[in-house]
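See below for data_26.cif, which holds mmCIF, C-alpha atoms.
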data_query
loop_
_atom_site.label_atom_id
_atom_site.label_comp_id
_atom_site.auth_asym_id
_atom_site.auth_seq_id
_atom_site.Cartn_x
_atom_site.Cartn_y
_atom_site.Cartn_z
CA MET F 7 63.55 134.27 157.43
CA THR F 8 61.54 131.71 159.32
CA ARG F 9 61.41 131.88 163.09
CA PHE F 10 63.47 128.78 163.04
CA THR F 11 66.29 130.18 160.94
CA LYS F 12 66.45 133.30 163.07
CA LEU F 13 66.65 131.21 166.18
CA THR F 14 69.53 129.17 164.86
CA ALA F 15 71.36 132.11 163.37
CA ALA F 16 71.45 133.50 166.89
CA ALA F 17 72.25 130.17 168.44
CA LEU F 18 75.28 129.53 166.30
CA GLY F 19 76.86 132.91 166.65
CA LEU F 20 80.43 132.65 167.87
CA THR F 21 80.80 135.78 169.85
CA LEU F 22 84.15 137.33 170.40
CA LEU F 23 83.81 137.38 174.15
CA GLY F 24 86.60 138.88 176.20
CA GLY F 25 87.95 136.45 178.78
CA ALA F 26 87.90 139.19 181.42
CA ALA F 27 84.15 138.99 181.82
CA PHE F 28 84.48 135.51 183.26
CA ALA F 29 85.94 133.90 186.32
CA ASP F 30 89.08 131.74 186.17
CA GLY F 31 88.40 128.33 184.76
CA HIS F 32 85.70 129.62 182.49
CA ILE F 33 87.63 128.66 179.39
CA ASP F 34 88.02 125.03 180.42
CA ALA F 35 84.39 124.81 181.49
CA ALA F 36 83.22 126.25 178.17
CA ILE F 37 85.35 123.71 176.27
CA LYS F 38 83.85 120.87 178.32
CA ALA F 39 80.36 122.18 177.68
CA ARG F 40 80.74 122.29 173.90
CA GLN F 41 82.40 118.90 173.88
CA ALA F 42 79.37 117.62 175.80
CA GLN F 43 77.15 119.15 173.12
CA MET F 44 79.13 117.21 170.52
CA GLN F 45 78.72 114.05 172.61
CA LEU F 46 74.97 114.60 172.52
CA TYR F 47 75.17 114.66 168.73
CA GLY F 48 77.17 111.46 168.72
CA PHE F 49 74.88 109.60 171.13
CA ASN F 50 71.66 110.47 169.37
CA LEU F 51 73.08 109.84 165.92
CA GLY F 52 74.32 106.50 167.23
CA VAL F 53 70.70 105.51 168.00
CA LEU F 54 69.65 106.46 164.46
CA GLY F 55 72.76 104.99 162.87
CA ALA F 56 72.30 101.61 164.56
CA MET F 57 68.86 101.39 162.94
CA ALA F 58 70.16 102.62 159.58
CA LYS F 59 72.87 99.96 159.61
CA GLY F 60 70.38 97.28 160.64
CA ASP F 61 72.20 96.57 163.92
CA VAL F 62 68.96 97.11 165.86
CA ASP F 63 65.31 96.94 164.78
CA TYR F 64 63.61 100.14 163.73
CA ASP F 65 61.39 101.71 166.36
CA ALA F 66 59.50 104.88 165.41
CA ALA F 67 59.26 106.35 168.92
CA THR F 68 62.94 105.83 169.71
CA ALA F 69 64.01 107.17 166.33
CA SER F 70 61.86 110.29 166.72
CA ALA F 71 63.18 110.93 170.22
CA ALA F 72 66.78 110.69 168.97
CA ALA F 73 66.08 112.98 166.02
CA ASP F 74 64.33 115.51 168.29
CA ASN F 75 67.33 115.51 170.61
CA LEU F 76 69.76 115.93 167.73
CA LEU F 77 67.91 118.96 166.47
CA ALA F 78 67.54 120.40 169.97
CA ALA F 79 71.27 120.03 170.56
CA ALA F 80 72.05 121.63 167.20
CA THR F 81 69.93 124.66 168.04
CA LEU F 82 71.34 125.39 171.49
CA ASN F 83 72.66 128.90 171.83
CA ALA F 84 76.28 127.94 171.38
CA SER F 85 77.75 131.42 171.43
CA ILE F 86 78.82 131.41 175.08
CA MET F 87 80.59 128.06 174.71
CA TRP F 88 83.22 129.39 172.29
CA PRO F 89 85.00 132.23 174.14
CA GLN F 90 88.15 133.81 172.70
CA GLY F 91 91.26 132.05 173.90
CA SER F 92 89.64 128.59 173.89
CA ASP F 93 91.33 127.36 170.69
CA SER F 94 93.84 124.51 170.44
CA GLY F 95 96.78 126.92 170.56
CA ALA F 96 95.71 128.47 173.85
CA ALA F 97 93.76 125.77 175.70
CA LYS F 98 93.10 122.03 175.97
CA SER F 99 90.87 121.89 172.94
CA ARG F 100 90.86 120.56 169.38
CA ALA F 101 89.18 123.69 167.97
CA LYS F 102 91.37 125.42 165.37
CA ALA F 103 92.02 129.12 165.94
CA ASP F 104 90.72 129.67 162.37
CA MET F 105 87.19 129.33 163.75
CA TRP F 106 87.44 132.74 165.28
CA SER F 107 88.67 134.39 162.10
CA ASN F 108 86.13 132.70 159.79
CA TYR F 109 82.98 133.46 161.68
CA PRO F 110 80.56 133.54 158.70
CA ASP F 111 81.82 130.21 157.44
CA VAL F 112 81.53 128.56 160.86
CA GLN F 113 78.00 129.87 161.08
CA ALA F 114 77.18 128.50 157.62
CA LYS F 115 78.52 125.09 158.65
CA GLY F 116 76.41 125.18 161.82
CA MET F 117 73.35 126.10 159.74
CA ALA F 118 74.04 123.19 157.40
CA LEU F 119 73.84 120.88 160.41
CA VAL F 120 70.56 122.43 161.55
CA GLU F 121 69.10 121.90 158.08
CA ALA F 122 70.23 118.29 157.96
CA ALA F 123 68.93 117.64 161.49
CA THR F 124 65.58 119.23 160.56
CA ALA F 125 65.28 116.87 157.60
CA MET F 126 66.18 113.97 159.88
CA GLN F 127 63.49 114.98 162.35
CA ALA F 128 60.93 114.99 159.57
CA ALA F 129 62.04 111.58 158.32
CA ALA F 130 62.83 109.63 161.48
CA GLY F 131 59.28 108.67 162.45
CA GLY F 132 58.41 107.37 158.99
CA GLY F 133 60.56 104.27 158.72
CA VAL F 134 64.15 103.15 158.47
CA GLU F 135 64.46 104.17 154.81
CA GLY F 136 63.85 107.76 155.87
CA ILE F 137 66.71 107.58 158.34
CA ARG F 138 68.98 106.05 155.72
CA GLY F 139 68.11 108.87 153.36
CA ALA F 140 68.74 111.64 155.90
CA ILE F 141 71.81 110.42 157.74
CA GLY F 142 74.27 111.07 154.91
CA ALA F 143 73.57 114.80 154.96
CA VAL F 144 73.95 114.91 158.74
CA GLY F 145 77.30 113.14 158.50
CA GLY F 146 78.31 115.51 155.72
CA ALA F 147 77.51 118.52 157.91
CA CYS F 148 79.47 117.16 160.89
CA GLY F 149 82.40 116.20 158.66
CA ALA F 150 82.55 119.52 156.80
CA CYS F 151 83.09 121.39 160.06
CA HIS F 152 85.54 118.84 161.49
CA LYS F 153 87.50 118.90 158.23
CA ALA F 154 87.97 122.63 158.40
CA TYR F 155 88.09 123.37 162.12
CA ARG F 156 89.08 120.38 164.22
CA GLU F 157 92.64 119.32 164.93
CA PRO F 158 93.54 115.61 164.95
CA SER F 159 93.49 114.08 168.44
CA SER F 160 96.76 113.32 170.18
CA MET O 22 118.95 117.57 164.83
CA ARG O 23 122.64 118.13 164.17
CA ARG O 24 123.36 114.41 164.00
CA PHE O 25 120.40 114.05 161.75
CA LEU O 26 121.74 116.74 159.44
CA THR O 27 125.16 115.15 159.39
CA ASN O 28 123.61 111.82 158.49
CA LEU O 29 121.59 113.49 155.89
CA THR O 30 124.51 115.27 154.31
CA PHE O 31 126.36 111.99 154.32
CA PHE O 32 123.56 110.25 152.46
CA VAL O 33 123.10 113.08 150.06
CA VAL O 34 126.79 113.12 149.24
CA LEU O 35 126.70 109.38 148.88
CA GLY O 36 123.74 109.77 146.61
CA PHE O 37 125.73 112.12 144.44
CA ALA O 38 129.13 110.56 144.30
CA VAL O 39 128.61 106.84 144.25
CA PHE O 40 125.16 106.39 142.90
CA TRP O 41 124.79 109.22 140.46
CA PHE O 42 124.93 106.76 137.65
CA ILE O 43 122.44 104.25 139.07
CA THR O 44 120.08 106.95 140.25
CA ARG O 45 119.31 108.57 136.92
CA PRO O 46 115.58 109.23 136.71
CA GLU O 47 113.94 106.07 135.38
CA SER O 48 111.23 106.01 132.76
CA PHE O 49 109.29 103.66 130.51
CA ALA O 50 110.29 102.83 126.95
CA ASP O 51 108.41 104.99 124.43
CA ASP O 52 106.17 102.13 123.34
CA ALA O 53 105.37 100.85 126.83
CA LEU O 54 101.70 101.76 126.57
CA ALA O 55 101.21 100.48 123.03
CA GLY O 56 97.94 98.62 122.58
CA LEU O 57 96.25 99.98 125.70
CA THR O 58 92.98 101.85 125.24
CA ALA O 59 91.57 104.31 127.77
CA ASP O 60 88.26 103.99 129.62
CA THR O 61 87.25 107.37 131.05
CA SER O 62 84.69 106.08 133.53
CA ARG O 63 87.15 103.58 135.00
CA GLY O 64 89.57 106.51 135.15
CA GLU O 65 87.13 108.40 137.36
CA THR O 66 87.15 105.53 139.88
CA VAL O 67 90.96 105.54 139.84
CA PHE O 68 90.90 109.31 140.40
CA HIS O 69 88.70 109.00 143.51
CA ALA O 70 90.53 105.97 144.86
CA ALA O 71 93.86 107.78 144.46
CA GLY O 72 92.64 111.02 146.02
CA CYS O 73 94.28 113.33 143.45
CA ALA O 74 91.72 116.07 144.19
CA SER O 75 92.52 116.07 147.93
CA CYS O 76 95.92 117.62 147.18
CA HIS O 77 95.55 119.31 143.81
CA THR O 78 92.43 121.46 144.28
CA ALA O 79 92.99 125.01 145.52
CA PRO O 80 93.18 125.36 149.32
CA GLY O 81 89.84 125.55 151.12
CA VAL O 82 87.78 124.71 148.05
CA ASP O 83 84.89 122.36 148.77
CA SER O 84 84.46 119.64 146.19
CA LYS O 85 81.21 120.47 144.45
CA GLY O 86 80.95 119.78 140.73
CA ALA O 87 83.94 118.83 138.60
CA PRO O 88 87.16 119.37 140.55
CA VAL O 89 89.44 122.17 139.36
CA LEU O 90 92.98 120.89 139.87
CA SER O 91 94.64 124.29 139.98
CA GLY O 92 97.05 123.45 142.84
CA GLY O 93 98.28 125.75 145.60
CA GLN O 94 97.80 123.59 148.70
CA ARG O 95 100.83 123.67 151.00
CA PHE O 96 102.43 120.55 152.48
CA PRO O 97 104.80 121.31 155.34
CA SER O 98 107.50 118.70 156.07
CA ASP O 99 110.81 118.50 157.93
CA PHE O 100 112.51 119.47 154.69
CA GLY O 101 110.51 122.55 153.79
CA THR O 102 107.08 123.30 152.36
CA PHE O 103 105.96 121.70 149.10
CA ILE O 104 103.22 123.35 147.08
CA ALA O 105 100.97 121.19 144.91
CA PRO O 106 101.25 122.22 141.25
CA ASN O 107 98.48 122.89 138.76
CA ILE O 108 97.56 119.57 137.09
CA SER O 109 94.39 120.81 135.41
CA SER O 110 93.88 120.29 131.67
CA ASP O 111 95.27 123.78 130.89
CA PRO O 112 97.94 123.24 128.19
CA THR O 113 100.35 125.87 129.56
CA HIS O 114 99.91 125.95 133.33
CA GLY O 115 98.48 122.46 133.80
CA ILE O 116 99.24 119.11 132.21
CA GLY O 117 96.90 119.34 129.23
CA GLU O 118 99.78 118.56 126.87
CA TRP O 119 100.97 115.51 128.76
CA SER O 120 100.72 112.07 127.17
CA ALA O 121 99.56 109.03 129.15
CA LEU O 122 103.20 107.96 129.10
CA ASP O 123 104.25 111.20 130.81
CA LEU O 124 101.70 110.55 133.56
CA ALA O 125 102.84 106.94 133.88
CA ASN O 126 106.47 108.05 134.27
CA ALA O 127 105.43 110.56 136.93
CA MET O 128 103.30 108.12 138.93
CA LYS O 129 105.36 104.94 138.55
CA PHE O 130 108.89 106.40 138.67
CA GLY O 131 108.54 109.91 140.06
CA THR O 132 110.11 111.20 136.84
CA SER O 133 108.98 114.38 135.05
CA PRO O 134 108.61 114.74 131.27
CA ASP O 135 111.96 116.59 131.16
CA GLY O 136 113.67 113.79 133.07
CA GLN O 137 113.83 115.27 136.58
CA HIS O 138 113.05 113.58 139.90
CA TYR O 139 109.85 114.49 141.70
CA TYR O 140 109.77 114.88 145.46
CA PRO O 141 107.90 112.18 147.31
CA ALA O 142 105.48 114.83 148.66
CA PHE O 143 103.75 113.63 145.47
CA PRO O 144 103.03 110.10 146.70
CA TYR O 145 104.43 108.26 143.67
CA THR O 146 106.12 106.12 146.29
CA SER O 147 102.65 104.49 146.63
CA TYR O 148 101.39 105.05 143.08
CA ALA O 149 104.41 103.11 141.81
CA ARG O 150 102.35 99.98 142.57
CA ALA O 151 99.48 101.13 140.31
CA GLU O 152 98.52 99.19 137.16
CA VAL O 153 99.60 100.91 133.96
CA GLN O 154 96.09 100.40 132.56
CA ASP O 155 94.68 102.40 135.50
CA ILE O 156 97.04 105.27 134.72
CA VAL O 157 95.97 105.28 131.07
CA ASP O 158 92.32 105.44 132.19
CA LEU O 159 93.11 108.16 134.72
CA HIS O 160 94.90 110.19 132.05
CA ALA O 161 91.77 110.11 129.91
CA TYR O 162 89.57 111.17 132.85
CA LEU O 163 91.88 114.06 133.81
CA ALA O 164 91.52 115.41 130.28
CA THR O 165 87.75 115.77 130.86
CA LEU O 166 88.24 118.06 133.88
CA PRO O 167 88.30 121.86 133.50
CA GLY O 168 91.49 123.77 132.71
CA ASP O 169 92.71 126.57 134.95
CA ALA O 170 95.46 129.08 134.21
CA THR O 171 96.78 129.58 137.77
CA PRO O 172 100.58 129.19 137.56
CA SER O 173 102.20 126.55 139.80
CA GLN O 174 104.16 127.98 142.74
CA PRO O 175 107.80 127.08 143.47
CA HIS O 176 108.36 124.89 146.54
CA GLU O 177 109.80 126.52 149.66
CA VAL O 178 112.63 124.11 150.38
CA GLY O 179 116.23 124.94 151.21
CA PHE O 180 119.56 123.38 150.26
CA PRO O 181 120.21 120.51 149.62
CA PHE O 182 116.60 119.50 149.10
CA ASN O 183 116.02 122.12 146.45
CA ILE O 184 118.31 120.12 144.17
CA ARG O 185 116.12 117.55 142.50
CA LEU O 186 119.14 115.44 141.59
CA ALA O 187 119.59 114.72 145.29
CA MET O 188 116.31 112.81 145.23
CA GLY O 189 118.08 110.18 143.16
CA GLY O 190 119.94 108.97 146.23
CA TRP O 191 116.75 108.98 148.23
CA LYS O 192 114.92 106.97 145.65
CA PHE O 193 117.77 104.51 145.38
CA LEU O 194 117.64 103.89 149.13
CA PHE O 195 113.90 103.88 149.75
CA PHE O 196 111.85 103.65 146.58
CA SER O 197 110.23 100.29 146.01
CA ASP O 198 107.12 99.06 144.25
CA GLU O 199 106.86 95.85 146.27
CA TRP O 200 103.80 95.01 148.36
CA THR O 201 104.09 95.22 152.11
CA ILE O 202 101.48 92.64 153.14
CA GLY O 203 100.58 89.29 151.55
CA ALA O 204 97.15 88.98 149.90
CA PRO O 205 95.90 85.39 149.86
CA ASN O 206 92.54 85.99 148.12
CA GLU O 207 90.93 88.21 145.53
CA GLN O 208 89.22 90.57 147.99
CA LEU O 209 92.43 91.11 149.96
CA GLU O 210 94.30 91.69 146.72
CA ARG O 211 91.84 94.43 145.76
CA GLY O 212 92.00 95.86 149.29
CA ARG O 213 95.77 95.86 149.19
CA TYR O 214 95.76 97.57 145.81
CA LEU O 215 93.44 100.29 147.13
CA VAL O 216 95.37 100.79 150.39
CA GLU O 217 99.01 100.34 149.36
CA ALA O 218 98.88 101.69 145.79
CA LEU O 219 96.06 104.11 144.96
CA GLY O 220 94.79 105.11 148.44
CA HIS O 221 98.34 105.84 149.68
CA CYS O 222 97.03 105.34 153.24
CA ALA O 223 100.51 104.64 154.57
CA GLU O 224 101.75 108.08 153.54
CA CYS O 225 99.79 109.46 156.50
CA HIS O 226 99.24 106.45 158.78
CA THR O 227 102.80 105.04 158.86
CA PRO O 228 105.62 106.71 160.81
CA ARG O 229 108.67 107.96 158.90
CA GLY O 230 112.38 107.54 159.46
CA PRO O 231 114.80 110.47 159.75
CA LEU O 232 115.02 110.84 155.97
CA GLY O 233 111.30 110.95 155.44
CA ASN O 234 111.14 107.31 154.38
CA LEU O 235 108.19 105.18 155.53
CA ASP O 236 109.02 102.77 158.37
CA ASN O 237 107.48 99.60 156.93
CA SER O 238 108.08 97.69 160.16
CA ALA O 239 105.49 99.95 161.79
CA TRP O 240 103.01 99.71 158.87
CA LEU O 241 99.84 101.78 159.48
CA THR O 242 100.51 102.07 163.22
CA GLY O 243 99.99 105.83 163.27
CA ALA O 244 102.30 108.84 162.99
CA PRO O 245 102.57 112.44 164.11
CA ASP O 246 100.27 114.66 162.06
CA PRO O 247 102.38 116.61 159.50
CA SER O 248 100.69 119.83 160.65
CA GLY O 249 102.62 119.42 163.92
CA LYS O 250 99.46 119.08 166.03
CA GLY O 251 98.05 115.73 167.15
CA ARG O 252 98.52 112.30 165.59
CA VAL O 253 97.26 110.37 162.62
CA PRO O 254 95.72 107.32 164.33
CA ASP O 255 96.96 103.73 164.44
CA ILE O 256 94.59 101.74 162.20
CA THR O 257 95.87 98.22 162.87
CA PRO O 258 93.01 96.00 164.11
CA GLN O 259 94.34 95.30 167.62
CA THR O 260 94.63 98.98 168.48
CA LEU O 261 91.62 100.26 166.59
CA GLY O 262 89.26 97.47 167.68
CA TRP O 263 86.66 98.17 164.96
CA SER O 264 84.79 95.43 163.10
CA GLU O 265 84.97 95.04 159.34
CA GLY O 266 81.45 96.49 159.14
CA ASP O 267 82.45 99.48 161.30
CA LEU O 268 85.32 100.22 158.93
CA ALA O 269 83.24 99.95 155.76
CA TYR O 270 80.58 102.21 157.30
CA TYR O 271 83.23 104.76 158.31
CA PHE O 272 84.57 104.87 154.74
CA GLU O 273 81.05 105.38 153.43
CA SER O 274 79.67 107.86 155.98
CA GLY O 275 82.61 109.22 157.99
CA PHE O 276 81.02 107.96 161.21
CA THR O 277 83.16 106.13 163.76
CA PRO O 278 81.48 103.33 165.75
CA ASP O 279 80.59 105.84 168.50
CA PHE O 280 79.28 108.28 165.89
CA ASP O 281 81.95 110.88 166.00
CA SER O 282 82.52 112.09 162.47
CA SER O 283 85.90 112.07 160.74
CA GLY O 284 87.76 115.32 160.37
CA GLY O 285 91.02 116.77 159.10
CA HIS O 286 92.67 115.18 156.07
CA MET O 287 90.70 111.99 156.58
CA ALA O 288 87.48 113.83 155.72
CA HIS O 289 88.85 114.26 152.17
CA VAL O 290 89.71 110.58 152.04
CA VAL O 291 86.19 109.63 153.20
CA GLU O 292 84.64 111.90 150.55
CA ASN O 293 86.65 110.06 147.92
CA LEU O 294 86.01 106.58 149.28
CA GLY O 295 82.29 107.38 149.41
CA LYS O 296 82.37 107.61 145.60
CA LEU O 297 83.75 104.08 145.16
CA PRO O 298 81.63 100.95 144.77
CA ALA O 299 80.66 99.35 148.12
CA GLN O 300 82.80 96.25 147.35
CA ASP O 301 85.87 98.48 147.23
CA ARG O 302 85.20 99.90 150.70
CA GLU O 303 84.61 96.36 151.95
CA ALA O 304 87.89 95.26 150.39
CA ILE O 305 89.76 98.05 152.20
CA ALA O 306 88.09 97.04 155.47
CA ALA O 307 89.04 93.40 154.89
CA TYR O 308 92.65 94.39 154.23
CA LEU O 309 92.86 96.39 157.48
CA ILE O 310 91.28 93.55 159.51
CA ALA O 311 93.81 91.13 158.02
CA LEU O 312 96.81 93.25 159.08
CA PRO O 313 99.16 91.53 161.51
#
For this file, produce the structure as structure tokens.
Amino acid sequence: MTRFTKLTAAALGLTLLGGAAFADGHIDAAIKARQAQMQLYGFNLGVLGAMAKGDVDYDAATASAAADNLLAAATLNASIMWPQGSDSGAAKSRAKADMWSNYPDVQAKGMALVEAATAMQAAAGGGVEGIRGAIGAVGGACGACHKAYREPSS
Amino acid sequence: MRRFLTNLTFFVVLGFAVFWFITRPESFADDALAGLTADTSRGETVFHAAGCASCHTAPGVDSKGAPVLSGGQRFPSDFGTFIAPNISSDPTHGIGEWSALDLANAMKFGTSPDGQHYYPAFPYTSYARAEVQDIVDLHAYLATLPGDATPSQPHEVGFPFNIRLAMGGWKFLFFSDEWTIGAPNEQLERGRYLVEALGHCAECHTPRGPLGNLDNSAWLTGAPDPSGKGRVPDITPQTLGWSEGDLAYYFESGFTPDFDSSGGHMAHVVENLGKLPAQDREAIAAYLIALP
């Protein structure tokens, strides 16, 4: 295992934290925090996607910064942002309760995103074709997890 | 709910007593497909555009390699839970023995080889608008997919819906193969074909009446998600506010204009649409932009 893989394996662990260890309001705050993490994905991908689509001109420094951010966000230690009782049945969230019963699969889907974001980081500085080549896998990784574990919005 | 059930019973009884004659399961004449030859690679495009794999693969199976259409996914509805059957090429448990005509009768009329009505959980209500040639091609493609011997499960629906004959009344009232929106040029015609016939987009994106019929006056304006949680979004241009390019890019990549990524059932649809030629995704986008 590379240092990197170990790091992310830890980062993506959904721990089965008891709510009791936390103050009131912790659940809602944790949901907001992970949604903010997702927003970071969306913003930085938006920068890369606008170049891939040709909506804005390619700029190597901007593209690299966005790809660095994407990878950094994907490797945050997410475990404390997914406490038990923060699923869509129990709280104001779109996370399916299945996430907590399919831990290895959730972790695999998180790892798939880290891999795709790593490839994006390697490609982003080298031209718009590199971004075009890498963005499909990133989208696939986001979509695979949303397909399995995110409820439709209301 | 009670009024709804009374209405329902009324219609079902009506369906039986008055219309039993007119509502016999329809089918093609035996020689309806004479002279048509099958093109397997065109059939593959039809397969992706129609999203057969989204419903007929086993639950939770990710689509890598040739899809195994062994069935088993569950579709909850107000009338009970329908379970997708095995339509793999297995001769006993799948549809390996079916002729192209059998498939055409199923998709165009909702009629089984032994002359029974299918439930519209199988979206023949949309596929009815499909070209017969496309069904012949699709039939040839399905035969190239692997067989699987998992037996089909019975549906979990109660009386009176468990009586297939009752669907005759339903079909008589609601089944139509007419187009919903006009298509003044070739691209819009293709887009309409992909949305209204093969893509069966309305089956999820259009609200339903009390009897499970699509409310065509609210075409593609969104509906409650059948899972009971959340909504399938309104995709008419005024509400959605996406450009034609945004739509085509979403169908290719799953990314919304603000780079969220599609989830739920739509993620299956995007996987399928990603396998179509770019002009087809553009045609779907053009159709949606042209909606009133």
Find the residues of chain F that sit at most 6 Å from chain O; for each, write down the nearest two atoms and how far apart they are in Å, to one decimal. Count only C-alpha atoms. Sort by chain, then by number going up, and give it as a tab-separated table.
residue	atom	partner	partner_atom	distance
F:Gly48	CA	O:Phe280	CA	4.8
F:Gly52	CA	O:Phe280	CA	5.4
F:Gly149	CA	O:Ser282	CA	5.6
F:His152	CA	O:Gly284	CA	4.3
F:Lys153	CA	O:Gly284	CA	4.2
F:Pro158	CA	O:Gly251	CA	5.0
F:Ser159	CA	O:Gly251	CA	5.0
F:Ser160	CA	O:Gly251	CA	4.1
Given the file above and the PyMOL selection byres ((chain F and resi 74) around 12), which residues are selected, and can you give them as an mmCIF file with C-alpha atoms, in the coordinates of the input?
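Just written: selection34.cif:
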data_model
loop_
_atom_site.group_PDB
_atom_site.id
_atom_site.type_symbol
_atom_site.label_atom_id
_atom_site.label_comp_id
_atom_site.auth_asym_id
_atom_site.auth_seq_id
_atom_site.Cartn_x
_atom_site.Cartn_y
_atom_site.Cartn_z
ATOM 1 C CA LEU F 46 74.970 114.600 172.520
ATOM 2 C CA TYR F 47 75.170 114.660 168.730
ATOM 3 C CA ASN F 50 71.660 110.470 169.370
ATOM 4 C CA LEU F 51 73.080 109.840 165.920
ATOM 5 C CA VAL F 53 70.700 105.510 168.000
ATOM 6 C CA LEU F 54 69.650 106.460 164.460
ATOM 7 C CA ALA F 67 59.260 106.350 168.920
ATOM 8 C CA THR F 68 62.940 105.830 169.710
ATOM 9 C CA ALA F 69 64.010 107.170 166.330
ATOM 10 C CA SER F 70 61.860 110.290 166.720
ATOM 11 C CA ALA F 71 63.180 110.930 170.220
ATOM 12 C CA ALA F 72 66.780 110.690 168.970
ATOM 13 C CA ALA F 73 66.080 112.980 166.020
ATOM 14 C CA ASN F 75 67.330 115.510 170.610
ATOM 15 C CA LEU F 76 69.760 115.930 167.730
ATOM 16 C CA LEU F 77 67.910 118.960 166.470
ATOM 17 C CA ALA F 78 67.540 120.400 169.970
ATOM 18 C CA ALA F 79 71.270 120.030 170.560
ATOM 19 C CA ALA F 80 72.050 121.630 167.200
ATOM 20 C CA THR F 81 69.930 124.660 168.040
ATOM 21 C CA VAL F 120 70.560 122.430 161.550
ATOM 22 C CA ALA F 123 68.930 117.640 161.490
ATOM 23 C CA THR F 124 65.580 119.230 160.560
ATOM 24 C CA ALA F 125 65.280 116.870 157.600
ATOM 25 C CA MET F 126 66.180 113.970 159.880
ATOM 26 C CA GLN F 127 63.490 114.980 162.350
ATOM 27 C CA ALA F 128 60.930 114.990 159.570
ATOM 28 C CA ALA F 129 62.040 111.580 158.320
ATOM 29 C CA ALA F 130 62.830 109.630 161.480
ATOM 30 C CA GLY F 131 59.280 108.670 162.450
#
*Distance of atom CA of F:Phe49 from atom CA of F:Asp93, expressed in Å to one decimal place*: 24.2 Å
*Just so the selection is clear, what residues does the PyMOL selection byres ((chain O and resi 121) around 10) cover here, as a ChimeraX atom specification?*
/O:54,59,118-120,122-127,153-154,156-161
*Decode the PyMOL selection byres ((chain F and resi 112) around 10) for the given file into explicit residues and return them as a PyMOL selection string.*
chain F and resi 18-20+104-111+113-118+150-151+154-155
What are the centre and the three edge lengths of an axis-aligned box that wraps all atoms of stretch 143-158 of chain F in the file, given that 5 Å is added to every side, written as JSON and rounded to one decimal in Å?
{"center_x": 83.6, "center_y": 118.3, "center_z": 160.0, "size_x": 30.0, "size_y": 20.2, "size_z": 20.0}
*Near-O:Ser264 list (9 Å; all atoms listed in the file; drop same-chain fewer than 3 positions) as a VMD selection string*: chain O and resid 258 267 to 269 278 306 310
*Interatomic distance between atom CA of O:Asn183 and atom CA of O:Pro46?*
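Spanning atom CA of O:Asn183 to atom CA of O:Pro46 is a straight-line distance of 16.2 Å.
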*Provide the atom CA of O:Ser197 to atom CA of O:Arg150 distance in Å, to one decimal place.*
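Straight-line distance from atom CA of O:Ser197 to atom CA of O:Arg150 works out to 8.6 Å.
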*Near F:Arg40, counting only C-alpha atoms, which residues have an atom at most 7 Å away, once you skip same-chain residues fewer than 4 positions from it, shown as number ranges by chain?*
F: 36, 44, 87
*For F:Glu157, the nearest of the candidates F:Ser99, F:Ser92, F:Gln43, F:Asn83, counting all atoms listed in the file*: F:Ser99
*Using all atoms listed in the file, find all polymer residues with an atom at most 8 Å away from the point (92.7, 109.7, 146.8); report them as a list of chain:residue names.*
O:Phe68, O:His69, O:Ala70, O:Ala71, O:Gly72, O:Cys73, O:Ala74, O:Ser75, O:Leu219, O:Gly220, O:His221, O:Val290, O:Asn293, O:Leu294
Please return, as a tab-separated table (two decimals) with C-alpha atoms, in the coordinates of the input, all polymer residues that have at least one atom within 7 Å of the point (104.9, 115.8, 152.0); use all atoms listed in the file and the file's own coordinate frame.
chain	number	residue	atom	x	y	z
O	96	PHE	CA	102.43	120.55	152.48
O	97	PRO	CA	104.80	121.31	155.34
O	98	SER	CA	107.50	118.70	156.07
O	103	PHE	CA	105.96	121.70	149.10
O	141	PRO	CA	107.90	112.18	147.31
O	142	ALA	CA	105.48	114.83	148.66
O	143	PHE	CA	103.75	113.63	145.47
*Would you list the contacts of O:Thr242 as an MDAnalysis selection string, taking every protein, DNA or RNA residue within 9 Å and counting only C-alpha atoms, but skipping same-chain residues closer than 2 positions in sequence?*
chainID O and resid 226:228 239:240 244 253:257 260
